[in-house]
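Below is the file coords29.tsv, which contains TSV, C-alpha atoms.
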```tsv
chain	number	residue	atom	x	y	z
A	1	THR	CA	44.85	13.98	-17.51
A	2	LEU	CA	46.01	11.08	-15.32
A	3	PRO	CA	49.76	11.83	-15.38
A	4	MET	CA	49.10	15.54	-14.92
A	5	GLY	CA	46.71	14.82	-12.04
A	6	LEU	CA	49.32	12.75	-10.25
A	7	ILE	CA	51.98	15.41	-10.78
A	8	GLY	CA	49.64	18.20	-9.67
A	9	GLY	CA	48.52	16.28	-6.59
A	10	TYR	CA	52.09	15.53	-5.59
A	11	PHE	CA	53.21	19.11	-6.24
A	12	SER	CA	50.40	20.57	-4.20
A	13	SER	CA	50.93	18.13	-1.34
A	14	VAL	CA	54.64	18.88	-1.09
A	15	VAL	CA	54.84	22.58	-1.95
A	16	LEU	CA	51.48	24.07	-0.99
A	17	ARG	CA	50.54	22.21	2.19
A	18	PRO	CA	52.12	24.77	4.57
A	19	PHE	CA	50.00	27.54	3.05
A	20	ARG	CA	46.32	27.43	3.86
A	21	TRP	CA	45.54	29.49	0.76
A	22	GLY	CA	47.89	27.54	-1.52
A	23	PHE	CA	45.51	24.85	-2.75
A	24	PRO	CA	42.75	27.23	-3.88
A	25	LEU	CA	45.29	29.63	-5.38
A	26	PHE	CA	46.81	26.78	-7.40
A	27	LEU	CA	43.31	25.75	-8.52
A	28	ALA	CA	42.59	29.38	-9.53
A	29	ILE	CA	45.77	29.50	-11.61
A	30	THR	CA	45.17	26.16	-13.34
A	31	SER	CA	41.53	27.09	-14.00
A	32	GLY	CA	42.69	30.37	-15.55
A	33	LEU	CA	45.25	28.54	-17.68
A	34	ALA	CA	42.61	26.05	-18.84
A	35	ALA	CA	40.17	28.87	-19.65
A	36	SER	CA	42.84	30.72	-21.65
A	37	ALA	CA	43.96	27.63	-23.53
A	38	PHE	CA	40.41	26.60	-24.45
A	39	PHE	CA	39.54	30.18	-25.46
A	40	ILE	CA	42.54	30.28	-27.79
A	41	ALA	CA	41.71	26.85	-29.19
A	42	TYR	CA	38.05	27.64	-29.83
A	43	SER	CA	38.71	31.04	-31.37
A	44	SER	CA	41.54	29.99	-33.68
A	45	GLN	CA	41.23	29.15	-37.36
A	46	ASP	CA	44.57	27.33	-37.38
A	47	LEU	CA	44.18	23.58	-36.76
A	48	THR	CA	47.61	23.28	-35.14
A	49	GLN	CA	46.80	26.08	-32.72
A	50	VAL	CA	43.42	24.49	-31.98
A	51	GLN	CA	45.09	21.15	-31.21
A	52	ARG	CA	47.75	22.74	-29.02
A	53	GLY	CA	45.16	24.81	-27.16
A	54	ILE	CA	43.01	21.77	-26.45
A	55	VAL	CA	46.00	19.75	-25.25
A	56	ALA	CA	47.14	22.65	-23.04
A	57	GLY	CA	43.62	23.07	-21.63
A	58	ILE	CA	43.30	19.38	-20.85
A	59	ALA	CA	46.76	19.36	-19.25
A	60	ALA	CA	45.91	22.38	-17.07
A	61	PHE	CA	42.64	20.77	-16.03
A	62	GLY	CA	44.42	17.49	-15.29
A	63	PHE	CA	47.08	19.28	-13.28
A	64	SER	CA	44.36	20.67	-11.02
A	65	ALA	CA	42.45	17.38	-10.60
A	66	GLY	CA	44.98	15.91	-8.18
A	67	THR	CA	45.07	19.18	-6.27
A	68	LEU	CA	41.30	19.22	-5.84
A	69	THR	CA	41.44	15.71	-4.38
A	70	THR	CA	44.34	16.74	-2.15
A	71	LEU	CA	42.39	19.82	-1.01
A	72	ILE	CA	39.46	17.62	0.01
A	73	VAL	CA	41.67	15.13	1.84
A	74	GLU	CA	43.61	17.89	3.61
A	75	THR	CA	40.59	19.92	4.74
A	76	VAL	CA	37.72	17.50	5.39
A	77	PRO	CA	37.58	15.58	8.68
A	78	PRO	CA	38.54	11.90	8.23
A	79	ARG	CA	35.04	10.54	8.87
A	80	LEU	CA	33.64	12.72	6.04
A	81	ARG	CA	36.36	12.27	3.40
A	82	ASN	CA	34.68	9.45	1.47
A	83	SER	CA	31.43	11.40	1.22
A	84	ALA	CA	33.18	14.66	0.35
A	85	THR	CA	35.20	12.99	-2.40
A	86	ALA	CA	32.11	11.26	-3.76
A	87	TYR	CA	30.13	14.52	-3.78
A	88	SER	CA	33.00	16.25	-5.54
A	89	ILE	CA	33.07	13.61	-8.25
A	90	VAL	CA	29.30	13.68	-8.68
A	91	LEU	CA	29.25	17.47	-8.80
A	92	THR	CA	32.11	17.86	-11.27
A	93	SER	CA	31.04	14.90	-13.43
A	94	GLY	CA	27.42	15.98	-13.30
A	95	LEU	CA	28.22	19.50	-14.40
A	96	ALA	CA	30.70	18.49	-17.07
A	97	GLY	CA	28.98	15.33	-18.28
A	98	VAL	CA	25.28	16.08	-17.96
A	99	ILE	CA	24.60	19.80	-17.76
A	100	GLY	CA	27.50	20.85	-20.01
A	101	PRO	CA	26.45	18.97	-23.17
A	102	GLU	CA	22.80	19.97	-22.70
A	103	LEU	CA	23.78	23.62	-22.29
A	104	VAL	CA	26.07	23.52	-25.33
A	105	GLY	CA	23.31	21.87	-27.35
A	106	GLN	CA	20.72	24.46	-26.31
A	107	LEU	CA	23.09	27.34	-27.05
A	108	SER	CA	24.08	25.77	-30.35
A	109	ASP	CA	20.43	25.49	-31.40
A	110	ARG	CA	19.78	29.08	-30.43
A	111	PHE	CA	23.02	30.61	-31.72
A	112	THR	CA	25.86	28.55	-33.29
A	113	LEU	CA	28.03	25.65	-32.21
A	114	ALA	CA	31.09	27.85	-32.76
A	115	GLY	CA	29.80	30.20	-30.08
A	116	ALA	CA	28.30	27.56	-27.79
A	117	VAL	CA	31.63	25.83	-27.16
A	118	PHE	CA	32.80	28.93	-25.31
A	119	VAL	CA	30.78	27.62	-22.35
A	120	ALA	CA	33.91	25.67	-21.34
A	121	PRO	CA	36.31	28.63	-21.09
A	122	VAL	CA	33.64	30.66	-19.29
A	123	ALA	CA	33.08	27.81	-16.81
A	124	TYR	CA	36.81	27.44	-16.14
A	125	ALA	CA	37.22	31.20	-15.73
A	126	SER	CA	34.25	31.30	-13.33
A	127	ALA	CA	35.72	28.45	-11.29
A	128	GLY	CA	39.05	30.27	-11.23
A	129	VAL	CA	37.41	33.38	-9.80
A	130	ILE	CA	35.69	31.31	-7.09
A	131	TRP	CA	38.98	29.60	-6.16
A	132	LEU	CA	40.74	32.97	-6.13
A	133	VAL	CA	38.16	34.42	-3.74
A	134	LEU	CA	38.58	31.39	-1.47
A	135	ALA	CA	42.38	31.74	-1.53
A	136	TRP	CA	42.09	35.45	-0.69
A	137	TRP	CA	39.65	34.72	2.15
A	138	LEU	CA	41.87	31.99	3.60
A	139	ALA	CA	44.94	34.23	3.41
A	140	ARG	CA	43.15	36.99	5.31
A	141	HIS	CA	41.53	34.79	7.95
A	142	LYS	CA	44.22	32.99	9.87
A	143	PRO	CA	43.08	29.94	11.87
```
Mind turning this structure into structure tokens?
Amino acid sequence: TLPMGLIGGYFSSVVLRPFRWGFPLFLAITSGLAASAFFIAYSSQDLTQVQRGIVAGIAAFGFSAGTLTTLIVETVPPRLRNSATAYSIVLTSGLAGVIGPELVGQLSDRFTLAGAVFVAPVAYASAGVIWLVLAWWLARHKP
């Protein structure tokens, strides 16, 4: 994800900065791509397609990581940037690293692991919808 994060952060800084709605729209698109790629990977029976889907999902997620950091730096007042970035890391790492595995484990115990892994595409799709709503709101409400 590191190379993709750097590329995504640079792209968003250069191309999307003039558009107030550009950062969240880009995050909505990359979240949708990640959700689609992981859905394809987790629903496929073909190992090659699974591997490609996982790589594509990770790349899409990585592409958005730099943009999320750029969004925070571009929108949060300078005196709050360190805290905002730290909260973002704690929130995303906490959800993905603590709540995610517990949720997958609980769902796997109740249903199957094959079904439980679909938590990831659902989470990415949900995030994409939230980013899309923010982009729409920002586009409609000029500063």
(message) Considering all atoms listed in the file, can you say which of A:Ala114, A:Val73, A:Val50, A:Ala28 comes closest to Gly9 in chain A?
(response)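 Comparing A:Ala114, A:Val73, A:Val50, A:Ala28 against Gly9 in chain A, the winner is A:Val73.
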(request) Give me the residues within 8 Å of range 33-44 of chain A as a count of residues only, counting only C-alpha atoms and dropping any in the same chain fewer than 4 places off. (result) 22
(request) Compare A:Arg17, A:Leu134, A:Thr112, A:Val119 by their minimum atom-to-atom distance to Ile99 in chain A, counting all atoms listed in the file, and give me the closest one. (result)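 Looking only at the distances to Ile99 in chain A, the closest residue turns out to be A:Val119.
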(message) Would you compute the distance between CA of Leu71 in chain A and CA of Leu103 in chain A? Give it in Å to one decimal.
(response)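 Atom-to-atom, CA of Leu71 in chain A and CA of Leu103 in chain A are spaced 28.5 Å apart.
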(request) Please indicate the distance in Å from CA of Gly62 in chain A to CA of Ser31 in chain A, rounded to one decimal place. (result) 10.1 Å
(message) Can you pull out the residues contacting range 74-88 of chain A? Cut-off 12 Å, using only C-alpha atoms, and skip same-chain residues under 3 positions away; I want them as a PyMOL selection string.
(response) chain A and resi 9+12-13+16-24+65-71+91-96
(request) Calculate how many Å separate CA of Ala116 in chain A from CA of Val55 in chain A, rounding to one decimal. (result)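 For CA of Ala116 in chain A relative to CA of Val55 in chain A, the distance reads 19.5 Å.
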(message) I need the residue nearest Trp131 in chain A from this list: A:Leu27, A:Tyr10, A:Leu2, A:Phe111. Use only C-alpha atoms for the distance.
(response)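 So, comparing all the options, the nearest one is A:Leu27.
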(request) Check the smallest atom-to-atom distance from each of A:Arg140, A:Gln106, A:Ser64, A:Ala135 to Gly32 in chain A using only C-alpha atoms, then report the winner. (result)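 Of the candidates, the smallest distance to Gly32 in chain A is held by A:Ser64.
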To box range 93-103 of chain A, take all atoms listed in the file, fit an axis-aligned box, add 8 Å on each side, and give centre and edge lengths in Å to one decimal, as JSON.
```
{"center_x": 26.9, "center_y": 19.3, "center_z": -18.2, "size_x": 24.2, "size_y": 24.7, "size_z": 25.9}
```
